[in-house]
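Shown next: work.tsv, given as TSV, C-alpha atoms.
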```
chain	number	residue	atom	x	y	z
A	37	MET	CA	54.06	32.42	-145.21
A	38	SER	CA	52.38	35.32	-147.02
A	39	THR	CA	51.03	35.13	-150.58
A	40	PHE	CA	50.20	37.42	-153.46
A	41	VAL	CA	48.73	37.07	-156.97
A	42	PHE	CA	50.56	38.27	-160.07
A	43	HIS	CA	48.52	38.19	-163.35
A	44	GLY	CA	46.35	35.42	-161.95
A	45	ILE	CA	49.34	33.30	-160.95
A	46	PHE	CA	49.69	32.13	-157.39
A	47	VAL	CA	53.16	32.92	-156.09
A	48	ALA	CA	54.58	31.95	-152.72
A	49	THR	CA	56.71	34.50	-150.94
A	50	LEU	CA	59.58	32.74	-149.22
A	51	ARG	CA	62.08	33.89	-146.62
A	52	SER	CA	65.78	33.89	-147.56
A	53	SER	CA	67.06	32.32	-150.78
A	54	LEU	CA	64.38	29.64	-151.18
A	55	GLU	CA	63.65	28.55	-154.71
A	56	TYR	CA	60.21	28.70	-156.23
A	57	LYS	CA	58.89	28.16	-159.74
A	58	LEU	CA	56.71	30.35	-161.92
A	59	ASN	CA	54.76	28.71	-164.73
A	60	PHE	CA	53.87	30.77	-167.80
A	61	GLY	CA	52.10	28.57	-170.36
A	62	PHE	CA	54.52	25.85	-171.43
A	63	THR	CA	57.60	27.74	-170.21
A	64	LYS	CA	58.94	27.05	-166.75
A	65	PHE	CA	61.29	29.47	-165.02
A	66	ASN	CA	63.33	29.11	-161.85
A	67	ALA	CA	63.41	32.25	-159.73
A	68	GLN	CA	64.96	33.23	-156.45
A	69	ILE	CA	63.92	35.80	-153.88
A	70	ILE	CA	67.00	37.36	-152.37
A	71	MET	CA	66.13	38.33	-148.83
A	72	ASN	CA	69.29	37.10	-147.14
A	73	LYS	CA	69.85	37.77	-143.49
A	74	ILE	CA	73.23	39.08	-142.31
A	75	ILE	CA	75.45	37.67	-139.58
A	76	LEU	CA	78.67	39.21	-138.24
A	77	ILE	CA	81.19	36.77	-136.77
A	78	THR	CA	84.39	37.79	-135.00
A	79	GLY	CA	87.37	35.44	-134.93
A	80	ALA	CA	86.18	33.73	-138.10
A	81	THR	CA	89.52	32.44	-139.39
A	82	SER	CA	89.45	29.17	-137.43
A	83	GLY	CA	87.60	27.03	-134.90
A	84	PHE	CA	84.08	27.99	-133.84
A	85	GLY	CA	84.08	31.19	-135.91
A	86	LYS	CA	84.95	29.47	-139.16
A	87	ALA	CA	82.43	26.68	-138.54
A	88	ILE	CA	79.72	29.24	-137.77
A	89	ALA	CA	80.46	31.13	-140.99
A	90	GLU	CA	80.30	27.89	-142.98
A	91	LYS	CA	77.00	26.87	-141.38
A	92	PHE	CA	75.25	30.18	-141.98
A	93	ALA	CA	76.63	30.65	-145.49
A	94	ALA	CA	75.31	27.20	-146.42
A	95	ALA	CA	71.88	28.35	-145.23
A	96	GLY	CA	71.97	31.42	-147.47
A	97	TRP	CA	73.00	34.08	-144.95
A	98	ASN	CA	75.32	36.87	-146.04
A	99	CYS	CA	78.32	36.99	-143.71
A	100	ILE	CA	80.57	39.68	-142.30
A	101	ILE	CA	83.66	37.79	-141.13
A	102	THR	CA	86.43	39.36	-139.09
A	103	GLY	CA	89.87	38.29	-137.97
A	104	ARG	CA	93.51	39.27	-137.73
A	105	ARG	CA	94.87	36.86	-140.34
A	106	LYS	CA	94.12	38.44	-143.72
A	107	GLU	CA	95.22	35.48	-145.83
A	108	ARG	CA	92.96	33.04	-143.98
A	109	LEU	CA	90.09	35.51	-143.98
A	110	ASP	CA	90.32	36.13	-147.73
A	111	GLU	CA	90.57	32.40	-148.40
A	112	LEU	CA	87.42	31.74	-146.36
A	113	ALA	CA	85.56	34.61	-148.03
A	114	THR	CA	86.40	33.33	-151.51
A	115	SER	CA	85.42	29.77	-150.61
A	116	LEU	CA	82.07	30.65	-149.04
A	117	SER	CA	80.96	33.11	-151.72
A	118	SER	CA	81.89	30.71	-154.50
A	119	LEU	CA	80.33	27.63	-152.91
A	120	HIS	CA	77.09	29.16	-151.62
A	121	LYS	CA	76.57	32.14	-153.95
A	122	ILE	CA	76.11	34.54	-151.07
A	123	LYS	CA	77.84	37.81	-150.20
A	124	ILE	CA	80.82	37.97	-147.86
A	125	LEU	CA	82.37	41.07	-146.32
A	126	PRO	CA	85.80	40.27	-144.81
A	127	LEU	CA	87.13	42.80	-142.29
A	128	VAL	CA	90.69	42.54	-141.03
A	129	PHE	CA	91.14	43.96	-137.54
A	130	ASP	CA	92.18	42.99	-134.03
A	131	VAL	CA	89.32	43.14	-131.51
A	132	GLN	CA	91.85	44.17	-128.85
A	133	LYS	CA	92.40	47.50	-130.61
A	134	LYS	CA	89.52	49.87	-130.01
A	135	GLU	CA	90.32	52.26	-132.85
A	136	GLU	CA	90.56	49.43	-135.38
A	137	VAL	CA	87.22	48.00	-134.26
A	138	PHE	CA	85.28	51.24	-134.50
A	139	ASN	CA	86.99	52.43	-137.70
A	140	SER	CA	86.18	49.16	-139.44
A	141	LEU	CA	82.62	48.68	-138.21
A	142	ASN	CA	81.51	52.32	-138.39
A	143	HIS	CA	82.45	52.48	-142.05
A	144	ILE	CA	80.92	49.32	-143.45
A	145	PRO	CA	78.77	49.90	-146.57
A	146	GLU	CA	75.20	50.95	-145.87
A	147	GLU	CA	73.71	47.72	-147.23
A	148	TRP	CA	75.68	45.72	-144.65
A	149	LYS	CA	74.35	47.64	-141.64
A	150	ASN	CA	71.10	45.66	-141.53
A	151	ILE	CA	72.80	43.03	-139.37
A	152	ASP	CA	70.54	40.39	-137.84
A	153	VAL	CA	73.00	38.50	-135.63
A	154	LEU	CA	76.34	39.39	-134.02
A	155	VAL	CA	78.47	36.49	-132.79
A	156	ASN	CA	81.18	37.64	-130.40
A	157	ASN	CA	83.38	34.61	-130.91
A	158	ALA	CA	86.93	36.01	-130.83
A	159	GLY	CA	88.65	34.77	-127.69
A	160	LEU	CA	91.53	32.70	-126.39
A	161	ALA	CA	93.28	31.12	-123.43
A	162	LEU	CA	96.99	31.52	-122.80
A	163	GLY	CA	98.91	29.33	-120.36
A	164	ARG	CA	97.98	26.97	-117.53
A	165	ASP	CA	100.21	28.47	-114.85
A	166	SER	CA	99.60	28.99	-111.17
A	167	PHE	CA	98.54	32.51	-110.25
A	168	GLU	CA	101.92	33.53	-108.80
A	169	ASN	CA	103.81	32.27	-111.86
A	170	ALA	CA	101.49	33.33	-114.69
A	171	SER	CA	102.57	35.77	-117.36
A	172	LEU	CA	101.20	39.30	-117.01
A	173	ASP	CA	101.32	39.62	-120.80
A	174	ASP	CA	99.10	36.53	-121.10
A	175	TRP	CA	96.67	38.02	-118.60
A	176	GLU	CA	96.45	41.29	-120.49
A	177	THR	CA	95.95	39.57	-123.84
A	178	MET	CA	93.10	37.44	-122.47
A	179	ILE	CA	91.37	40.41	-120.86
A	180	ASP	CA	91.88	42.60	-123.93
A	181	THR	CA	90.49	39.93	-126.28
A	182	ASN	CA	87.86	38.06	-124.27
A	183	VAL	CA	86.39	41.02	-122.42
A	184	LYS	CA	87.34	44.36	-123.95
A	185	GLY	CA	87.17	43.07	-127.52
A	186	LEU	CA	83.64	41.79	-126.93
A	187	LEU	CA	82.66	45.15	-125.46
A	188	TYR	CA	84.13	47.15	-128.34
A	189	VAL	CA	82.42	45.11	-131.05
A	190	SER	CA	79.10	45.08	-129.18
A	191	ARG	CA	79.12	48.85	-128.71
A	192	ALA	CA	79.92	49.37	-132.39
A	193	ILE	CA	77.06	47.14	-133.61
A	194	ILE	CA	74.29	47.88	-131.09
A	195	PRO	CA	73.43	51.28	-132.69
A	196	PHE	CA	72.62	49.40	-135.92
A	197	PHE	CA	70.36	47.03	-133.98
A	198	ILE	CA	68.58	49.91	-132.28
A	199	LYS	CA	68.04	51.73	-135.57
A	200	ASN	CA	66.76	48.54	-137.21
A	201	LYS	CA	64.58	47.73	-134.17
A	202	LYS	CA	65.91	44.17	-134.11
A	203	GLY	CA	69.07	42.24	-133.44
A	204	HIS	CA	70.62	39.29	-131.66
A	205	ILE	CA	73.93	39.20	-129.80
A	206	ILE	CA	75.44	35.76	-129.25
A	207	ASN	CA	78.44	35.73	-126.93
A	208	ILE	CA	80.66	32.65	-126.96
A	209	GLY	CA	81.67	31.96	-123.38
A	210	SER	CA	82.94	28.73	-121.82
A	211	THR	CA	82.20	26.29	-119.03
A	212	ALA	CA	85.00	28.32	-117.39
A	213	ALA	CA	82.34	31.03	-117.03
A	214	LYS	CA	80.46	28.78	-114.61
A	215	GLU	CA	83.27	27.37	-112.45
A	216	VAL	CA	86.91	28.02	-111.61
A	217	TYR	CA	89.58	25.34	-111.96
A	218	GLN	CA	93.19	25.17	-110.86
A	219	ASN	CA	95.57	27.24	-113.00
A	220	GLY	CA	92.62	28.67	-114.93
A	221	ASN	CA	92.76	31.98	-113.02
A	222	ILE	CA	92.43	34.89	-115.48
A	223	TYR	CA	90.96	32.82	-118.30
A	224	CYS	CA	88.16	31.78	-115.94
A	225	ALA	CA	87.83	35.38	-114.76
A	226	SER	CA	87.51	36.66	-118.33
A	227	LYS	CA	84.80	34.13	-119.16
A	228	HIS	CA	82.95	34.89	-115.94
A	229	ALA	CA	82.98	38.48	-117.20
A	230	VAL	CA	81.47	37.37	-120.51
A	231	ASP	CA	78.67	35.66	-118.58
A	232	ALA	CA	77.99	38.79	-116.51
A	233	ILE	CA	78.17	41.06	-119.54
A	234	SER	CA	75.69	38.84	-121.39
A	235	GLN	CA	73.22	39.07	-118.51
A	236	SER	CA	73.70	42.83	-118.34
A	237	GLN	CA	73.18	43.24	-122.08
A	238	ARG	CA	70.03	41.14	-121.92
A	239	ILE	CA	68.54	43.41	-119.23
A	240	ASP	CA	69.66	46.76	-120.62
A	241	LEU	CA	68.68	46.02	-124.22
A	242	LEU	CA	65.18	44.75	-123.45
A	243	PRO	CA	63.49	48.03	-124.52
A	244	HIS	CA	65.09	47.67	-127.96
A	245	LYS	CA	63.89	44.08	-128.54
A	246	ILE	CA	67.48	42.89	-128.88
A	247	LYS	CA	68.06	39.25	-128.00
A	248	VAL	CA	71.17	38.21	-126.09
A	249	THR	CA	72.38	34.63	-125.81
A	250	ALA	CA	75.48	33.27	-124.08
A	251	ILE	CA	76.72	29.90	-125.32
A	252	HIS	CA	79.24	28.14	-123.06
A	253	PRO	CA	81.11	25.22	-124.67
A	254	GLY	CA	83.07	22.65	-122.73
A	255	ALA	CA	86.10	20.80	-124.11
A	256	ALA	CA	86.20	21.24	-127.88
A	257	GLU	CA	88.98	20.18	-130.23
A	258	THR	CA	89.94	23.29	-132.19
A	259	GLU	CA	93.09	25.43	-132.20
A	260	PHE	CA	92.14	26.48	-128.66
A	261	SER	CA	94.56	24.19	-126.81
A	262	ILE	CA	97.38	24.73	-129.33
A	263	THR	CA	97.07	28.45	-128.63
A	264	ARG	CA	96.81	27.90	-124.89
A	265	PHE	CA	99.96	25.78	-124.84
A	266	LYS	CA	101.70	28.16	-127.25
A	267	GLY	CA	102.19	25.75	-130.11
A	268	ASP	CA	102.94	22.61	-128.11
A	269	GLU	CA	100.88	20.13	-130.13
A	270	THR	CA	101.64	17.21	-127.82
A	271	LYS	CA	100.20	18.98	-124.78
A	272	ALA	CA	97.23	20.16	-126.84
A	273	LYS	CA	96.50	16.64	-128.10
A	274	ASN	CA	96.70	15.17	-124.59
A	275	VAL	CA	93.77	17.33	-123.48
A	276	TYR	CA	91.45	15.31	-125.73
A	277	GLU	CA	92.94	11.84	-125.28
A	278	GLY	CA	90.55	9.04	-124.34
A	279	TYR	CA	87.21	10.61	-125.26
A	280	GLU	CA	85.45	12.45	-128.06
A	281	PRO	CA	85.29	16.17	-127.35
A	282	LEU	CA	82.99	18.68	-128.97
A	283	HIS	CA	83.76	19.76	-132.52
A	284	ALA	CA	83.49	23.27	-133.92
A	285	ALA	CA	80.51	22.20	-136.04
A	286	ASP	CA	78.60	21.27	-132.86
A	287	ILE	CA	78.79	24.85	-131.60
A	288	ALA	CA	77.89	26.19	-135.04
A	289	GLU	CA	74.72	24.09	-134.90
A	290	ALA	CA	73.83	25.56	-131.50
A	291	VAL	CA	74.41	29.12	-132.72
A	292	PHE	CA	72.29	28.44	-135.80
A	293	TYR	CA	69.45	27.03	-133.71
A	294	CYS	CA	69.41	30.01	-131.35
A	295	SER	CA	69.49	32.42	-134.29
A	296	ASN	CA	66.49	30.94	-136.07
A	297	LEU	CA	63.89	30.83	-133.32
A	298	PRO	CA	60.69	32.90	-133.53
A	299	ALA	CA	61.01	36.61	-132.73
A	300	HIS	CA	59.34	36.18	-129.33
A	301	VAL	CA	61.75	33.42	-128.19
A	302	CYS	CA	65.23	34.02	-126.76
A	303	ILE	CA	67.57	31.44	-125.27
A	304	ASN	CA	69.44	33.41	-122.63
A	305	ASP	CA	72.06	30.89	-121.57
A	306	MET	CA	73.28	27.56	-122.95
A	307	VAL	CA	75.97	25.25	-121.55
A	308	ILE	CA	77.20	22.55	-123.94
A	309	THR	CA	79.60	19.69	-123.23
A	310	CYS	CA	80.41	16.45	-124.95
A	311	THR	CA	78.74	13.35	-123.50
A	312	ALA	CA	81.96	12.35	-121.72
A	313	GLN	CA	82.27	15.66	-119.84
A	314	ALA	CA	80.00	16.65	-116.96
A	315	SER	CA	81.99	19.75	-115.95
A	316	SER	CA	85.52	21.12	-115.91
A	317	PHE	CA	86.28	18.63	-113.13
A	318	TYR	CA	84.60	15.46	-114.35
A	319	THR	CA	85.45	13.82	-117.66
A	320	PHE	CA	85.11	10.09	-118.31
A	321	LYS	CA	88.01	8.66	-120.34
```
As a first step, turn the structure in this file into structure tokens.
Amino acid sequence: MSTFVFHGIFVATLRSSLEYKLNFGFTKFNAQIIMNKIILITGATSGFGKAIAEKFAAAGWNCIITGRRKERLDELATSLSSLHKIKILPLVFDVQKKEEVFNSLNHIPEEWKNIDVLVNNAGLALGRDSFENASLDDWETMIDTNVKGLLYVSRAIIPFFIKNKKGHIINIGSTAAKEVYQNGNIYCASKHAVDAISQSQRIDLLPHKIKVTAIHPGAAETEFSITRFKGDETKAKNVYEGYEPLHAADIAEAVFYCSNLPAHVCINDMVITCTAQASSFYTFK
């Protein structure tokens, strides 16, 4: 904490939106230093992304939130800005579409370009079919979202980090990045790619003092399984029967922790499961 003296009054300089009080004679004023950090979160309309936005907004961070579903995005933006009195920039685009990504991110207002943390959260799984029976459309969607989307957003934001001489990329992977299970085929492949890309980013971006962290959650009860089973809520619910899986807020806590470490500390890789799950193959129910 640094300090300065203003007209003989001792004032504490605080990071972010921390409240301090100035005393002038018998009059007491509340004041606030606005030095909010900025986080950009893709796939913020549900699940991990929404929970991450809620966690950081509650801590006074300004948030750039992105997603395909404009109504949900606007609703979240209104809620967070009203509840936490911080700034929200909602951007509606599909990470699969390169032109949309670069057009949106290259034209954000100047004051939003001082981004501290990028969370590449947008991702999905489609189907649990054997390799020879799986849908090619599902494969392409997973690759376009989980891999290419992450690459597009990263490439659009990294120039801001380099210019600002700071930044932190957090890529949301999966335990599927560490092992391959039956009928996981291209989903596992896409998350293995996220793991490799994270390691590559970490090495290549070292000269620019840019942190890179990969966070790999295990079973977590979000919209993930509903999407994977294409709206079949019974199948989705069965995945989590008999034990308590991770919740979106658990991953938000991990992202928040990694984002608030000292400048000289970087967590490169983090695998998180619920207590009942040891790996993709071993879950106690």
Can you find the residues with an atom no farther than 9 Å from (84.9, 25.9, -134.2), counting only C-alpha atoms, and report them as a ChimeraX atom specification? /A:80,82-88,256-259,283-288
Could you give me the centre and size, in Å to one decimal, of an axis-aligned box around all listed atoms of region 298-310 of chain A with 6 Å added on every side, as AutoDock Vina command-line options?
```
--center_x 69.9 --center_y 26.5 --center_z -127.5 --size_x 33.1 --size_y 32.2 --size_z 24.0
```
Excluding Arg104 (chain A) and residues on its chain fewer than 2 positions from it, collect all residues at most 8 Å away from it, counting all atoms listed in the file, and give them as an MDAnalysis selection string. chainID A and resid 79 102 106 128:130
Please tabulate, as a Markdown table, the residues of region 90-188 of chain A that come within 10 Å of region 194-212 of chain A, each with its closest pair of atoms and the distance in Å to one decimal, counting all atoms listed in the file and ordering rows by chain, then residue number upward.
```
| residue | atom | partner | partner_atom | distance |
| --- | --- | --- | --- | --- |
| A:Asn142 | CA | A:Phe196 | CA | 9.7 |
| A:Trp148 | CA | A:Phe196 | CA | 10.0 |
| A:Lys149 | CA | A:Phe196 | CA | 6.2 |
| A:Asn150 | CA | A:Asn200 | CA | 6.8 |
| A:Ile151 | CA | A:Gly203 | CA | 7.0 |
| A:Asp152 | CA | A:Gly203 | CA | 5.0 |
| A:Val153 | CA | A:His204 | CA | 4.7 |
| A:Leu154 | CA | A:Ile205 | CA | 4.9 |
| A:Val155 | CA | A:Ile206 | CA | 4.7 |
| A:Asn156 | CA | A:Asn207 | CA | 4.8 |
| A:Asn157 | CA | A:Ile208 | CA | 5.2 |
| A:Ala158 | CA | A:Ile208 | CA | 8.1 |
| A:Gly159 | CA | A:Ile208 | CA | 8.3 |
| A:Asn182 | CA | A:Gly209 | CA | 8.7 |
| A:Leu186 | CA | A:Asn207 | CA | 8.0 |
```
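The list of residues with at least one atom within 12 Å of Ala229 (chain A), based on all atoms listed in the file and without residues fewer than 5 positions apart in the same chain, reads Met178, Ile179, Asp180, Thr181, Asn182, Val183, Lys184, Leu186, Leu187, Asn207, Ile208, Gly209, Ser210, Ala212, Ala213, Lys214, Ile222, Tyr223, Cys224, Ser234, Gln235, Ser236, Gln237 and Ala250 of chain A.
You will find CA of Leu162 (chain A) at 9.4 Å from CA of Gly220 (chain A).
Interatomic distance, CA of Asn274 (chain A) to CA of Leu172 (chain A): 25.7 Å.
Our summary of the geometry notes that CA of Glu90 (chain A) is positioned 18.5 Å from CA of Pro253 (chain A).
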When you look at Ser261 (chain A) with a cut-off of 8 Å (counting all atoms listed in the file), what residues show up, excluding the ones that are within fewer than 6 positions of it in the same chain? I need them as a PyMOL selection string. chain A and resi 161+271-273+275
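For the choices A:Thr114, A:Ser295, A:Ser166, A:Thr78, the atom-to-atom distance to Thr249 (chain A) is smallest for A:Ser295 when using all atoms listed in the file.
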Nearby residues (all atoms listed in the file) at most 12 Å from Ala314 (chain A), same-chain spacing under 3 positions excluded, as a short mmCIF file (atom, residue, chain, number, x, y, z; two decimals) with C-alpha atoms, in the frame of the given file:
```cif
data_model
loop_
_atom_site.label_atom_id
_atom_site.label_comp_id
_atom_site.auth_asym_id
_atom_site.auth_seq_id
_atom_site.Cartn_x
_atom_site.Cartn_y
_atom_site.Cartn_z
CA THR A 211 82.20 26.29 -119.03
CA PRO A 253 81.11 25.22 -124.67
CA GLY A 254 83.07 22.65 -122.73
CA ALA A 255 86.10 20.80 -124.11
CA PRO A 281 85.29 16.17 -127.35
CA VAL A 307 75.97 25.25 -121.55
CA ILE A 308 77.20 22.55 -123.94
CA THR A 309 79.60 19.69 -123.23
CA CYS A 310 80.41 16.45 -124.95
CA THR A 311 78.74 13.35 -123.50
CA PHE A 317 86.28 18.63 -113.13
CA TYR A 318 84.60 15.46 -114.35
CA THR A 319 85.45 13.82 -117.66
CA PHE A 320 85.11 10.09 -118.31
CA LYS A 321 88.01 8.66 -120.34
#
```
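You can rank A:Val216, A:Ala232, A:Ala225, A:Ile193 by their closest distance to Trp175 (chain A) using only C-alpha atoms, and at the top of that list sits A:Ala225.
Counting only C-alpha atoms, the residue from A:Ile239, A:Val248, A:Ile75, A:Val189 that sits nearest to Glu135 (chain A) is A:Val189.
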